[in-house]
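Participant: A single structure is presented below for examination.
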Amino acid sequence: MAFQPVVLSGPSGSGKSTLVKKLMDEYKDCFAFSVSHTTRKPRPGEEHGKDYYFVSTDEMKKAIQNGEFIEHAEFSGNFYGTSHKAVEDVGKTGRICILDVDMQGVKNIKKTNLDPRYIFLQPPSMAVLEERLRKRGTENEESIKKRLSAAKAELEYASNKGTYDHTVVNDELEEAYEKLKGILIQVCMRAPHVTGGVGPVRLSAYVMISVTLFLNENVFKQKFIQQIFGWKT
Ligand SMILES: Nc1ncnc2c1ncn2[C@@H]1O[C@H](COP(=O)(O)OP(=O)(O)OP(=O)(O)O)[C@@H](O)[C@H]1O
């Protein structure tokens, strides 16, 4: 059984990398990024097939024409893309594939038959977003302005009903993280939301999920569920 991939999107500075890092640190066997293709040259230490699939521009263009990519983009003269196969490969390992993409990536994915769960990470306000981007210290003034203006468009797009399956407001980091985990449990279960339940509801949900996952031999996902439900192994 392959799990539904998860698309995590949100303005630059909304906290996507921060939350995904927390998730991967805590549940490294449950989630993975797909390996992207790029036409840029490998940097020292980067491995083909692990960090990226390094391909020539000709190969990349052909693959794009063949419809092999879920989404692709060009940045400073190089192509980058996520192939259908790369996402399928993650699914085959029994992990949930996380795609961290911008609004354009979401629009492109919506044109494919990937059928992921779409999660929007929303900053508490534009003022907080600006403050976080400034504090991060990675952008110059021009880049901050560009990101804030893109953020407005992203928020507007996200406000259209049905664009995203879930919205997580990243105000308090721990709260946002817990909410994200609750959504991911739903992806694991492909069943209605149960994390808000207490006592017997949580227990029966836990038993149901465990049996399902056991039958599917996804033992490490049982661990994920156990940890999330507070039953440490
Ligand atoms: N809940 C939070 N409270 C305070 N600071 C936060 C919170 N979440 C993230 N941050 C900080 O905000 C900054 C932006 O977060 P992060 O780099 O994860 O965003 P991003 O969405 O991955 O951005 P980009 O798309 O540009 O990669 C980081 O410095 C991070 O430490």
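Going through the structure tokens in order, the chains are called A, B, and so on, while each chain numbers its residues from 1 and the ligands are numbered from 1 in the order shown.
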Mind running chain A against ligand 1 at 7 Å and telling me each contacting residue's nearest atom pair with the distance in Å (one decimal), counting only C-alpha atoms and all ligand atoms, chain and number ascending, as a Markdown table?
Facilitator:
```
| residue | atom | partner | partner_atom_place_in_ligand_line | distance |
| --- | --- | --- | --- | --- |
| A:Gly10 | CA | ligand 1 | 21 (O) | 6.2 |
| A:Pro11 | CA | ligand 1 | 21 (O) | 5.9 |
| A:Ser12 | CA | ligand 1 | 25 (O) | 3.4 |
| A:Gly13 | CA | ligand 1 | 19 (O) | 3.5 |
| A:Ser14 | CA | ligand 1 | 21 (O) | 4.0 |
| A:Gly15 | CA | ligand 1 | 18 (O) | 3.3 |
| A:Lys16 | CA | ligand 1 | 21 (O) | 3.8 |
| A:Ser17 | CA | ligand 1 | 22 (O) | 3.7 |
| A:Thr18 | CA | ligand 1 | 18 (O) | 3.7 |
| A:Leu19 | CA | ligand 1 | 18 (O) | 6.6 |
| A:Arg132 | CA | ligand 1 | 12 (O) | 4.5 |
| A:Leu133 | CA | ligand 1 | 13 (C) | 5.7 |
| A:Lys135 | CA | ligand 1 | 29 (O) | 6.2 |
| A:Arg136 | CA | ligand 1 | 29 (O) | 4.0 |
| A:Asn170 | CA | ligand 1 | 1 (N) | 5.0 |
| A:Asp171 | CA | ligand 1 | 1 (N) | 4.8 |
| A:Glu172 | CA | ligand 1 | 1 (N) | 4.5 |
| A:Leu173 | CA | ligand 1 | 1 (N) | 3.5 |
```
Participant: Which residues are close to Met24 in chain A, i.e. within 12 Å by only C-alpha atoms, leaving aside same-chain residues fewer than 2 positions away? Reply as a PyMOL selection string.
Facilitator: chain A and resi 17-22+26-33+95-98+177+181+224
Participant: Please give the complete set of residues from range 53-141 of chain A that DSSP, run on the backbone, assigns to strand (DSSP E or B), formatted as a PyMOL selection string.
Facilitator: chain A and resi 53-54+69-75+78-83+96-100+117-122
Participant: Which is closest to Lys41 in chain A among A:Phe79, A:Gln4, A:Glu142, A:Glu68, if we use only C-alpha atoms?
Facilitator: A:Phe79
Participant: Would you mind telling me which residue in A:Ala2, A:Met60, A:Ala73, A:Leu184 lies nearest to Asp89 in chain A when using only C-alpha atoms?
Facilitator: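 Of A:Ala2, A:Met60, A:Ala73, A:Leu184, the one nearest Asp89 in chain A, counting only C-alpha atoms, is A:Ala2.
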